[in-house]
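Listing of work_2.txt; format and content: compact mmCIF, C-alpha atoms (C1' of nucleotides).
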# COMPACT_ATOMS: atom_id res chain seq x y z
CA MET A 130 59.69 122.51 124.50
CA VAL A 131 61.20 119.49 122.84
CA GLU A 132 64.41 119.83 120.89
CA THR A 133 64.04 118.68 117.32
CA ALA A 134 66.40 118.63 114.41
CA ARG A 135 65.61 121.54 112.16
CA ASN A 136 64.46 120.85 108.67
CA THR A 137 66.84 123.07 106.77
CA ARG A 138 67.30 123.38 103.03
CA GLN A 139 70.84 122.05 103.39
CA ARG A 140 69.79 119.01 105.37
CA ARG A 141 67.16 118.17 102.79
CA ALA A 142 69.69 118.62 99.99
CA VAL A 143 72.16 116.19 101.54
CA GLY A 144 69.36 113.69 102.12
CA ALA A 145 68.24 114.02 98.51
CA ILE A 146 71.71 113.22 97.22
CA LEU A 147 71.87 110.15 99.41
CA ASP A 148 68.50 109.03 98.07
CA ASP A 149 69.79 109.24 94.52
CA LEU A 150 73.10 107.53 95.12
CA ASP A 151 73.42 103.85 94.48
CA GLY A 152 76.69 103.17 96.24
CA PHE A 153 78.94 104.69 98.86
CA ALA A 154 80.24 108.20 98.41
CA SER A 155 82.58 110.41 100.38
CA ALA A 156 81.55 113.65 102.00
CA GLN A 157 83.65 115.50 99.46
CA GLU A 158 81.97 113.76 96.55
CA ILE A 159 78.55 114.56 97.93
CA HIS A 160 79.61 118.15 98.36
CA ASP A 161 80.84 118.26 94.76
CA ILE A 162 77.54 116.93 93.50
CA LEU A 163 75.66 119.57 95.45
CA VAL A 164 77.85 122.35 94.11
CA ARG A 165 77.58 121.12 90.53
CA ARG A 166 73.84 120.88 90.93
CA GLY A 167 73.70 124.49 92.06
CA ASP A 168 72.75 123.84 95.69
CA LYS A 169 74.92 126.06 97.81
CA VAL A 170 75.92 124.00 100.85
CA GLY A 171 79.09 124.39 102.82
CA LEU A 172 81.47 121.48 103.18
CA SER A 173 81.28 121.65 106.98
CA THR A 174 77.52 121.37 106.75
CA VAL A 175 77.77 118.28 104.58
CA TYR A 176 80.03 116.64 107.15
CA ARG A 177 77.74 117.66 109.98
CA ASN A 178 74.59 116.35 108.38
CA LEU A 179 76.20 113.09 107.37
CA GLN A 180 77.25 112.62 110.98
CA TYR A 181 73.72 113.33 112.17
CA LEU A 182 72.40 110.69 109.81
CA VAL A 183 74.99 108.16 110.89
CA ASP A 184 74.11 108.78 114.54
CA ALA A 185 70.44 108.35 113.68
CA ALA A 186 71.30 105.05 112.00
CA GLU A 187 69.82 106.28 108.74
CA VAL A 188 73.16 106.09 106.99
CA ASP A 189 75.97 103.57 107.08
CA SER A 190 79.58 104.61 106.94
CA LEU A 191 82.72 102.71 106.22
CA ARG A 192 86.31 103.51 105.46
CA GLY A 193 87.70 103.00 101.96
CA ASP A 194 91.19 101.77 101.17
CA ASP A 195 92.60 105.27 101.21
CA GLY A 196 91.09 106.02 104.60
CA GLU A 197 88.31 108.25 103.33
CA VAL A 198 84.99 107.72 105.07
CA LEU A 199 82.19 106.74 102.70
CA TYR A 200 78.47 107.13 103.30
CA ARG A 201 75.36 105.42 101.99
CA ARG A 202 71.70 105.28 102.95
CA CYS A 203 71.06 101.73 104.11
CA SER A 204 68.30 99.46 105.25
CA ALA A 205 67.85 98.81 108.94
CA GLY A 206 69.29 95.81 110.70
CA HIS A 207 72.72 94.32 110.82
CA HIS A 208 74.24 93.68 107.42
CA HIS A 209 77.49 93.90 105.53
CA HIS A 210 78.48 95.34 102.17
CA LEU A 211 79.83 94.07 98.92
CA VAL A 212 81.34 97.16 97.37
CA CYS A 213 82.76 97.74 93.90
CA ARG A 214 86.08 99.44 94.41
CA ASP A 215 85.80 101.19 91.05
CA CYS A 216 82.27 102.59 90.87
CA GLY A 217 81.18 102.18 94.47
CA ARG A 218 78.10 100.15 93.55
CA THR A 219 77.03 98.29 96.64
CA VAL A 220 75.06 95.20 97.50
CA GLU A 221 73.89 94.64 101.04
CA VAL A 222 74.58 91.10 102.15
CA GLU A 223 73.90 89.07 105.24
CA GLY A 224 76.11 86.46 106.78
CA PRO A 225 74.53 84.76 109.76
CA ALA A 226 77.35 82.23 109.76
CA VAL A 227 79.89 84.99 110.07
CA GLU A 228 78.11 86.52 113.05
CA LYS A 229 78.10 83.19 114.80
CA TRP A 230 81.73 82.55 113.95
CA ALA A 231 82.78 85.91 115.37
CA ASP A 232 80.86 85.37 118.59
CA ARG A 233 82.17 81.86 119.01
CA VAL A 234 85.80 82.77 118.38
CA ALA A 235 85.57 85.70 120.78
CA ALA A 236 83.99 83.54 123.47
CA GLU A 237 86.67 80.89 123.06
CA HIS A 238 89.29 83.46 123.92
CA GLY A 239 87.37 84.96 126.79
CA PHE A 240 86.40 88.16 125.02
CA SER A 241 83.09 89.81 125.84
CA ASP A 242 81.11 92.70 124.45
CA VAL A 243 81.98 91.64 120.93
CA ALA A 244 81.61 93.65 117.76
CA HIS A 245 83.05 93.16 114.32
CA THR A 246 83.67 94.92 111.05
CA LEU A 247 83.37 93.08 107.77
CA GLU A 248 83.32 94.51 104.30
CA VAL A 249 83.89 92.77 101.01
CA PHE A 250 85.50 94.65 98.14
CA GLY A 251 85.69 93.61 94.52
CA THR A 252 85.19 94.70 90.96
CA CYS A 253 81.60 94.54 89.77
CA SER A 254 80.64 92.92 86.48
CA GLU A 255 80.25 96.25 84.69
CA CYS A 256 83.57 97.68 85.83
CA GLY A 257 85.35 94.41 85.11
CA ALA A 258 84.38 94.46 81.42
CA MET B 195 124.52 93.14 91.28
CA VAL B 196 121.37 92.23 93.12
CA GLU B 197 119.33 94.94 94.82
CA THR B 198 118.88 94.20 98.49
CA ALA B 199 117.27 96.12 101.28
CA ARG B 200 120.00 97.69 103.31
CA ASN B 201 120.33 96.64 106.88
CA THR B 202 120.38 100.07 108.48
CA ARG B 203 120.36 100.95 112.14
CA GLN B 204 116.96 102.58 111.74
CA ARG B 205 115.43 99.57 110.07
CA ARG B 206 116.69 97.32 112.82
CA ALA B 207 115.35 99.70 115.46
CA VAL B 208 111.84 99.70 113.99
CA GLY B 209 111.93 95.93 113.75
CA ALA B 210 113.04 95.63 117.35
CA ILE B 211 110.10 97.71 118.56
CA LEU B 212 107.71 95.55 116.61
CA ASP B 213 109.25 92.45 118.17
CA ASP B 214 108.59 93.80 121.64
CA LEU B 215 105.04 94.94 121.02
CA ASP B 216 102.20 92.65 121.91
CA GLY B 217 99.35 94.47 120.19
CA PHE B 218 98.87 96.94 117.37
CA ALA B 219 100.55 100.34 117.46
CA SER B 220 100.51 103.38 115.22
CA ALA B 221 103.53 104.72 113.36
CA GLN B 222 103.52 107.74 115.64
CA GLU B 223 103.49 105.57 118.76
CA ILE B 224 106.38 103.52 117.45
CA HIS B 225 108.25 106.71 116.68
CA ASP B 226 107.58 107.99 120.20
CA ILE B 227 108.93 104.79 121.72
CA LEU B 228 112.08 105.07 119.63
CA VAL B 229 112.63 108.67 120.66
CA ARG B 230 112.01 107.92 124.33
CA ARG B 231 114.40 105.00 124.10
CA GLY B 232 117.08 107.28 122.69
CA ASP B 233 117.15 105.87 119.18
CA LYS B 234 117.21 108.77 116.78
CA VAL B 235 114.97 107.80 113.87
CA GLY B 236 113.03 110.22 111.70
CA LEU B 237 109.27 109.92 111.47
CA SER B 238 109.42 109.54 107.70
CA THR B 239 111.79 106.65 108.13
CA VAL B 240 109.43 104.93 110.54
CA TYR B 241 106.62 105.23 108.01
CA ARG B 242 108.86 104.02 105.21
CA ASN B 243 110.09 100.97 107.06
CA LEU B 244 106.64 100.02 108.26
CA GLN B 245 105.47 100.19 104.68
CA TYR B 246 108.37 98.00 103.56
CA LEU B 247 107.44 95.45 106.19
CA VAL B 248 103.79 95.52 105.21
CA ASP B 249 104.71 95.02 101.56
CA ALA B 250 106.96 92.14 102.59
CA ALA B 251 104.02 90.66 104.51
CA GLU B 252 106.03 90.67 107.71
CA VAL B 253 103.66 93.11 109.34
CA ASP B 254 99.90 93.43 109.31
CA SER B 255 98.16 96.75 109.28
CA LEU B 256 94.62 97.75 110.06
CA ARG B 257 92.80 100.98 110.60
CA GLY B 258 91.56 101.90 114.07
CA ASP B 259 88.29 103.64 114.80
CA ASP B 260 89.87 107.05 114.43
CA GLY B 261 91.34 106.20 111.06
CA GLU B 262 94.90 105.83 112.23
CA VAL B 263 96.76 102.92 110.69
CA LEU B 264 98.04 100.41 113.23
CA TYR B 265 100.86 97.93 112.72
CA ARG B 266 101.81 94.62 114.30
CA ARG B 267 104.22 91.84 113.46
CA CYS B 268 102.14 88.84 112.47
CA SER B 269 102.47 85.26 111.42
CA ALA B 270 102.36 84.40 107.75
CA GLY B 271 99.21 83.37 105.99
CA HIS B 272 95.78 84.89 105.80
CA HIS B 273 94.23 85.49 109.20
CA HIS B 274 92.11 87.94 111.10
CA HIS B 275 92.39 89.60 114.49
CA LEU B 276 90.52 89.53 117.72
CA VAL B 277 91.54 92.77 119.37
CA CYS B 278 90.85 93.97 122.90
CA ARG B 279 89.55 97.48 122.56
CA ASP B 280 90.92 98.41 125.97
CA CYS B 281 94.44 97.05 126.13
CA GLY B 282 95.05 96.23 122.47
CA ARG B 283 95.95 92.62 123.20
CA THR B 284 95.49 90.69 119.99
CA VAL B 285 94.76 87.11 119.10
CA GLU B 286 95.21 85.91 115.55
CA VAL B 287 92.27 83.85 114.39
CA GLU B 288 91.38 81.95 111.28
CA GLY B 289 87.99 81.64 109.67
CA PRO B 290 88.00 79.41 106.64
CA ALA B 291 84.22 79.50 106.58
CA VAL B 292 84.28 83.27 106.37
CA GLU B 293 86.68 83.24 103.44
CA LYS B 294 84.43 80.88 101.56
CA TRP B 295 81.36 82.89 102.42
CA ALA B 296 82.93 86.10 101.12
CA ASP B 297 84.03 84.51 97.87
CA ARG B 298 80.67 82.86 97.31
CA VAL B 299 78.67 86.01 98.01
CA ALA B 300 80.89 88.04 95.71
CA ALA B 301 80.65 85.48 92.94
CA GLU B 302 76.87 85.35 93.26
CA HIS B 303 76.74 89.06 92.49
CA GLY B 304 79.24 88.97 89.66
CA PHE B 305 82.11 90.56 91.54
CA SER B 306 85.68 89.57 90.74
CA ASP B 307 89.06 90.27 92.25
CA VAL B 308 87.62 89.94 95.71
CA ALA B 309 89.18 91.03 98.98
CA HIS B 310 87.71 91.51 102.39
CA THR B 311 88.40 93.14 105.71
CA LEU B 312 87.31 91.50 108.93
CA GLU B 313 88.31 92.41 112.44
CA VAL B 314 86.67 91.40 115.68
CA PHE B 315 86.76 93.77 118.64
CA GLY B 316 85.87 92.97 122.20
CA THR B 317 86.96 93.22 125.79
CA CYS B 318 89.46 90.59 126.89
CA SER B 319 89.02 88.62 130.09
CA GLU B 320 91.57 90.69 132.00
CA CYS B 321 90.10 94.02 131.02
CA GLY B 322 86.58 92.78 131.66
CA ALA B 323 87.28 91.99 135.30
C1' DT C 42 139.81 102.62 100.70
C1' DC C 43 136.68 104.02 97.09
C1' DT C 44 132.31 104.13 94.62
C1' DT C 45 127.75 103.51 93.86
C1' DT C 46 123.26 104.00 95.16
C1' DG C 47 119.57 103.15 98.22
C1' DA C 48 118.32 105.21 102.91
C1' DT C 49 117.71 108.92 105.87
C1' DG C 50 115.61 113.12 107.98
C1' DA C 51 113.84 117.73 108.53
C1' DG C 52 110.54 120.28 106.97
C1' DA C 53 107.20 121.36 103.47
C1' DA C 54 103.13 119.74 101.28
C1' DT C 55 98.79 117.22 101.01
C1' DC C 56 94.29 115.86 102.23
C1' DA C 57 90.35 114.62 104.90
C1' DT C 58 88.16 116.18 108.67
C1' DT C 59 87.09 119.23 112.56
C1' DC C 60 86.89 123.63 114.89
C1' DC C 61 85.58 128.50 115.45
C1' DC C 62 82.43 132.04 115.52
C1' DA C 63 79.85 135.64 113.37
C1' DT C 64 75.70 135.48 110.79
C1' DG C 65 71.40 133.24 109.15
C1' DA C 66 67.05 131.10 109.40
C1' DA C 67 63.62 127.38 111.64
C1' DG C 68 59.86 127.11 114.29
C1' DG C 69 57.31 128.38 118.15
C1' DT C 70 54.68 132.30 120.42
C1' DC C 71 51.83 136.25 120.61
C1' DG D 233 53.00 139.07 110.42
C1' DA D 234 56.48 140.43 113.85
C1' DC D 235 59.48 138.70 117.28
C1' DC D 236 62.59 135.71 119.84
C1' DT D 237 65.23 132.03 120.99
C1' DT D 238 68.34 128.82 119.58
C1' DC D 239 70.22 125.65 116.58
C1' DA D 240 72.31 125.54 111.88
C1' DT D 241 75.24 127.35 108.57
C1' DG D 242 79.60 128.50 106.08
C1' DG D 243 84.12 129.92 105.15
C1' DG D 244 88.35 129.91 106.62
C1' DA D 245 91.64 128.48 110.02
C1' DA D 246 93.34 124.58 112.58
C1' DT D 247 94.44 119.74 113.19
C1' DG D 248 96.59 115.46 112.48
C1' DA D 249 98.15 111.57 109.91
C1' DT D 250 100.67 110.58 106.10
C1' DT D 251 103.51 111.57 101.99
C1' DC D 252 106.82 114.14 99.35
C1' DT D 253 111.29 116.57 98.41
C1' DC D 254 115.95 116.68 98.16
C1' DA D 255 120.40 117.43 100.07
C1' DT D 256 123.23 114.49 102.75
C1' DC D 257 124.60 110.01 104.73
C1' DA D 258 126.13 105.43 105.01
C1' DA D 259 125.61 100.23 103.56
C1' DA D 260 127.77 96.86 100.83
C1' DG D 261 130.41 95.44 97.28
C1' DA D 262 134.80 96.07 94.43

What would the structure in this file look like if it were written as structure tokens?
Amino acid sequence: MVETARNTRQRRAVGAILDDLDGFASAQEIHDILVRRGDKVGLSTVYRNLQYLVDAAEVDSLRGDDGEVLYRRCSAGHHHHLVCRDCGRTVEVEGPAVEKWADRVAAEHGFSDVAHTLEVFGTCSECGA
Amino acid sequence: MVETARNTRQRRAVGAILDDLDGFASAQEIHDILVRRGDKVGLSTVYRNLQYLVDAAEVDSLRGDDGEVLYRRCSAGHHHHLVCRDCGRTVEVEGPAVEKWADRVAAEHGFSDVAHTLEVFGTCSECGA
DNA sequence: TCTTTGATGAGAATCATTCCCATGAAGGTC
DNA sequence: GACCTTCATGGGAATGATTCTCATCAAAGA
């Protein structure tokens, strides 16, 4: 018998929130939304399911300024984020030049097995008004 | 009378550790080194002084995978880091093209007040052997 | 030496996140 | 549908980094 992830009410609820969200949100925020909405889901369960989704590459996570981890459903493939630090609104962006730069710089210094993190933060046009 | 930062024993001790370190270290690690060395410095004081140094741009900080904040004395000016994920050895690198790319992308999407985080991780030549 | 005032430190407080474990419910099987 | 196995859940405790509090200390100037 093959092990499959169970399709629980709670897992569906977390997924539904992520579908509705435009930008990144913390586990606590997602939990708050669920509670306000009337879905009873434990905080531990929210964390667990977010982690499942991250492992399954269905959700991207990044760390905000204050160290909180933020989550967002994202498209496949390597990309970076332009995030509004006020409202969290996010634009996925690509930077082929950056990828090449990182690889080149690493190679120049003899580093192998290279990875990089790159996020751009700013204030979006709406929040800046 | 002008307000100046006082040159305390504890502040000098934290600075001395940073001078000796090659790579990034956490506040707790720095505190451990001080204690082992026999310098009696409170943990709060280590945090405070590191924060002073960061504010004074004498020290760079970044967040490791586990969310811990790491500190390292760095040269002035905007730069990024190529960090060995095994031994922590760090090379400061510059990427003017990346800066421009980030600003351009942000501007294209109407974002203002732009900042970015970029760190490159890899395995250095020594650790890769 | 004396005074002023920022600096220190020990522990409490905070906050996100993870752990624990008794209970619940998917999903397969008959 | 009843049953069983096993993973999922949840609520509260535990963890761990960081910050806060505040009584006490010690720079640095007068």

Which residues of chain D sit at most 10 Å from chain A, using all atoms listed in the file? Give each one's shortest atom pair and distance in Å (one decimal place), in chain and ascending residue order, as a Markdown table.
| residue | atom | partner | partner_atom | distance |
| --- | --- | --- | --- | --- |
| D:DT238 | C1' | A:Glu132 | CA | 9.9 |
| D:DC239 | C1' | A:Arg135 | CA | 7.6 |
| D:DA240 | C1' | A:Arg135 | CA | 7.8 |
| D:DT241 | C1' | A:Thr174 | CA | 6.7 |
| D:DG242 | C1' | A:Gly171 | CA | 5.3 |
| D:DG243 | C1' | A:Gly171 | CA | 7.8 |

Per-residue nearest contacts of chain C to chain A (9 Å; all atoms listed in the file) as JSON lines:
{"residue": "C:DA57", "atom": "C1'", "partner": "A:Glu197", "partner_atom": "CA", "distance": 6.9}
{"residue": "C:DT58", "atom": "C1'", "partner": "A:Tyr176", "partner_atom": "CA", "distance": 8.3}
{"residue": "C:DT59", "atom": "C1'", "partner": "A:Ser173", "partner_atom": "CA", "distance": 8.4}
{"residue": "C:DA66", "atom": "C1'", "partner": "A:Thr137", "partner_atom": "CA", "distance": 8.5}
{"residue": "C:DA67", "atom": "C1'", "partner": "A:Arg135", "partner_atom": "CA", "distance": 6.2}
{"residue": "C:DG68", "atom": "C1'", "partner": "A:Arg135", "partner_atom": "CA", "distance": 8.3}
{"residue": "C:DG69", "atom": "C1'", "partner": "A:Met130", "partner_atom": "CA", "distance": 9.0}

Find the residues near range 267-280 of chain B: any atom within 8 Å, counting only C-alpha atoms (C1' of nucleotides), skip ones fewer than 3 places away on the same chain, and give them as an mmCIF file with C-alpha atoms, in the coordinates of the input.
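Generated file (out-v6.cif):
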data_model
loop_
_atom_site.group_PDB
_atom_site.id
_atom_site.type_symbol
_atom_site.label_atom_id
_atom_site.label_comp_id
_atom_site.auth_asym_id
_atom_site.auth_seq_id
_atom_site.Cartn_x
_atom_site.Cartn_y
_atom_site.Cartn_z
ATOM 1 C CA ALA A 235 85.570 85.700 120.780
ATOM 2 C CA PHE A 240 86.400 88.160 125.020
ATOM 3 C CA LEU B 212 107.710 95.550 116.610
ATOM 4 C CA ASP B 213 109.250 92.450 118.170
ATOM 5 C CA ALA B 251 104.020 90.660 104.510
ATOM 6 C CA GLU B 252 106.030 90.670 107.710
ATOM 7 C CA VAL B 253 103.660 93.110 109.340
ATOM 8 C CA ASP B 254 99.900 93.430 109.310
ATOM 9 C CA ARG B 283 95.950 92.620 123.200
ATOM 10 C CA THR B 284 95.490 90.690 119.990
ATOM 11 C CA VAL B 285 94.760 87.110 119.100
ATOM 12 C CA GLU B 286 95.210 85.910 115.550
ATOM 13 C CA VAL B 287 92.270 83.850 114.390
ATOM 14 C CA GLU B 288 91.380 81.950 111.280
ATOM 15 C CA GLY B 289 87.990 81.640 109.670
ATOM 16 C CA LEU B 312 87.310 91.500 108.930
ATOM 17 C CA GLU B 313 88.310 92.410 112.440
ATOM 18 C CA VAL B 314 86.670 91.400 115.680
ATOM 19 C CA PHE B 315 86.760 93.770 118.640
ATOM 20 C CA GLY B 316 85.870 92.970 122.200
ATOM 21 C CA THR B 317 86.960 93.220 125.790
ATOM 22 C CA CYS B 318 89.460 90.590 126.890
ATOM 23 C CA CYS B 321 90.100 94.020 131.020
#

Over every C-alpha pair, in sequence order, do a least-squares fit of chain B onto chain A and save the fitted chain as a compact mmCIF listing (two decimals) with C-alpha atoms, in the coordinates of the input.
# COMPACT_ATOMS: atom_id res chain seq x y z
CA MET B 195 58.97 121.49 124.47
CA VAL B 196 60.48 118.54 122.70
CA GLU B 197 63.83 118.91 120.95
CA THR B 198 63.58 117.96 117.31
CA ALA B 199 66.05 118.06 114.49
CA ARG B 200 65.26 121.05 112.38
CA ASN B 201 64.24 120.46 108.84
CA THR B 202 66.66 122.83 107.14
CA ARG B 203 67.27 123.32 103.46
CA GLN B 204 70.81 122.01 103.87
CA ARG B 205 69.72 118.87 105.64
CA ARG B 206 67.20 118.14 102.93
CA ALA B 207 69.82 118.75 100.25
CA VAL B 208 72.27 116.26 101.77
CA GLY B 209 69.50 113.72 102.11
CA ALA B 210 68.48 114.21 98.50
CA ILE B 211 72.00 113.50 97.28
CA LEU B 212 72.13 110.34 99.32
CA ASP B 213 68.81 109.25 97.82
CA ASP B 214 70.21 109.61 94.33
CA LEU B 215 73.50 107.87 94.97
CA ASP B 216 73.81 104.21 94.18
CA GLY B 217 77.12 103.47 95.89
CA PHE B 218 79.26 104.92 98.65
CA ALA B 219 80.54 108.49 98.44
CA SER B 220 82.77 110.63 100.60
CA ALA B 221 81.66 113.79 102.38
CA GLN B 222 83.82 115.81 100.02
CA GLU B 223 82.25 114.19 96.96
CA ILE B 224 78.78 114.89 98.28
CA HIS B 225 79.78 118.47 98.94
CA ASP B 226 81.13 118.77 95.39
CA ILE B 227 77.88 117.48 93.94
CA LEU B 228 75.91 120.00 95.98
CA VAL B 229 78.11 122.86 94.84
CA ARG B 230 77.96 121.79 91.21
CA ARG B 231 74.21 121.49 91.48
CA GLY B 232 74.00 125.04 92.79
CA ASP B 233 72.97 124.22 96.34
CA LYS B 234 75.04 126.34 98.66
CA VAL B 235 75.92 124.14 101.62
CA GLY B 236 79.03 124.49 103.75
CA LEU B 237 81.43 121.58 104.04
CA SER B 238 81.09 121.54 107.82
CA THR B 239 77.36 121.22 107.44
CA VAL B 240 77.74 118.26 105.11
CA TYR B 241 79.93 116.52 107.67
CA ARG B 242 77.53 117.37 110.47
CA ASN B 243 74.47 116.09 108.68
CA LEU B 244 76.17 112.91 107.56
CA GLN B 245 77.14 112.29 111.15
CA TYR B 246 73.56 112.89 112.29
CA LEU B 247 72.35 110.38 109.74
CA VAL B 248 74.94 107.83 110.77
CA ASP B 249 73.98 108.25 114.42
CA ALA B 250 70.33 107.84 113.44
CA ALA B 251 71.29 104.64 111.60
CA GLU B 252 69.87 106.00 108.37
CA VAL B 253 73.26 105.94 106.71
CA ASP B 254 76.10 103.46 106.78
CA SER B 255 79.69 104.51 106.75
CA LEU B 256 82.87 102.64 105.99
CA ARG B 257 86.45 103.56 105.39
CA GLY B 258 87.94 103.20 101.91
CA ASP B 259 91.45 102.03 101.18
CA ASP B 260 92.81 105.55 101.44
CA GLY B 261 91.21 106.11 104.81
CA GLU B 262 88.46 108.38 103.60
CA VAL B 263 85.09 107.75 105.19
CA LEU B 264 82.37 106.85 102.70
CA TYR B 265 78.63 107.17 103.24
CA ARG B 266 75.58 105.52 101.74
CA ARG B 267 71.91 105.34 102.62
CA CYS B 268 71.21 101.79 103.72
CA SER B 269 68.41 99.58 104.86
CA ALA B 270 67.91 99.01 108.55
CA GLY B 271 69.37 96.08 110.39
CA HIS B 272 72.85 94.67 110.58
CA HIS B 273 74.32 93.87 107.19
CA HIS B 274 77.54 93.99 105.25
CA HIS B 275 78.51 95.25 101.82
CA LEU B 276 79.72 93.76 98.62
CA VAL B 277 81.33 96.70 96.86
CA CYS B 278 82.64 96.93 93.31
CA ARG B 279 86.07 98.44 93.58
CA ASP B 280 85.75 99.97 90.12
CA CYS B 281 82.33 101.56 89.95
CA GLY B 282 81.35 101.53 93.62
CA ARG B 283 78.12 99.65 92.98
CA THR B 284 77.08 98.08 96.25
CA VAL B 285 75.02 95.09 97.24
CA GLU B 286 73.88 94.69 100.82
CA VAL B 287 74.45 91.18 102.07
CA GLU B 288 73.74 89.31 105.25
CA GLY B 289 75.88 86.70 106.91
CA PRO B 290 74.30 85.25 110.00
CA ALA B 291 76.99 82.59 110.11
CA VAL B 292 79.67 85.26 110.22
CA GLU B 293 78.01 87.05 113.12
CA LYS B 294 77.89 83.85 115.09
CA TRP B 295 81.46 83.01 114.22
CA ALA B 296 82.69 86.40 115.41
CA ASP B 297 80.81 86.19 118.69
CA ARG B 298 81.97 82.64 119.34
CA VAL B 299 85.62 83.37 118.58
CA ALA B 300 85.56 86.44 120.79
CA ALA B 301 83.91 84.57 123.63
CA GLU B 302 86.44 81.75 123.37
CA HIS B 303 89.20 84.26 124.04
CA GLY B 304 87.43 86.07 126.84
CA PHE B 305 86.56 89.19 124.87
CA SER B 306 83.38 91.09 125.65
CA ASP B 307 81.52 93.97 124.07
CA VAL B 308 82.25 92.60 120.65
CA ALA B 309 81.92 94.38 117.33
CA HIS B 310 83.25 93.56 113.92
CA THR B 311 83.91 95.09 110.55
CA LEU B 312 83.46 93.08 107.39
CA GLU B 313 83.38 94.32 103.85
CA VAL B 314 83.76 92.35 100.66
CA PHE B 315 85.38 93.97 97.63
CA GLY B 316 85.38 92.67 94.11
CA THR B 317 84.77 93.53 90.50
CA CYS B 318 81.13 93.47 89.44
CA SER B 319 79.99 91.69 86.30
CA GLU B 320 79.69 94.91 84.30
CA CYS B 321 83.11 96.19 85.21
CA GLY B 322 84.66 92.78 84.65
CA ALA B 323 83.57 92.63 81.02

TODO: Rounded to one decimal place, report the CA of Ile146 in chain A-CA of Leu163 in chain A distance in Å.
DONE: 7.7 Å

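A straight line drawn from C1' of DC62 in chain C to CA of Tyr200 in chain A is 28.0 Å long.
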
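Using all atoms listed in the file, the shortest contact distance between chain A and any of B:Ala296, B:Ala323, B:Ile224, B:Val240 is found at B:Ala296.
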
Open item on the list: Rounded to one decimal, what separation in Å do you get between C1' of DT44 in chain C and CA of Tyr246 in chain B?
Closed with: 26.3 Å

- [ ] Counting only C-alpha atoms, figure out which residue out of A:Ala154, A:Ala226, A:Ala142, A:Leu182 gets nearest to chain B.
- [x]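 Going through A:Ala154, A:Ala226, A:Ala142, A:Leu182 one by one, the smallest distance to chain B is for A:Ala226.
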
So which residues touch DT55 in chain C within 12 Å, counting only C-alpha atoms (C1' of nucleotides), skipping near sequence neighbours fewer than 3 positions away, as a CSV table (one decimal) with C-alpha atoms (C1' of nucleotides), keeping the file's coordinate frame?
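New file selection_23.csv:
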chain,number,residue,atom,x,y,z
D,248,DG,C1',96.6,115.5,112.5
D,249,DA,C1',98.2,111.6,109.9
D,250,DT,C1',100.7,110.6,106.1
D,251,DT,C1',103.5,111.6,102.0
D,252,DC,C1',106.8,114.1,99.4
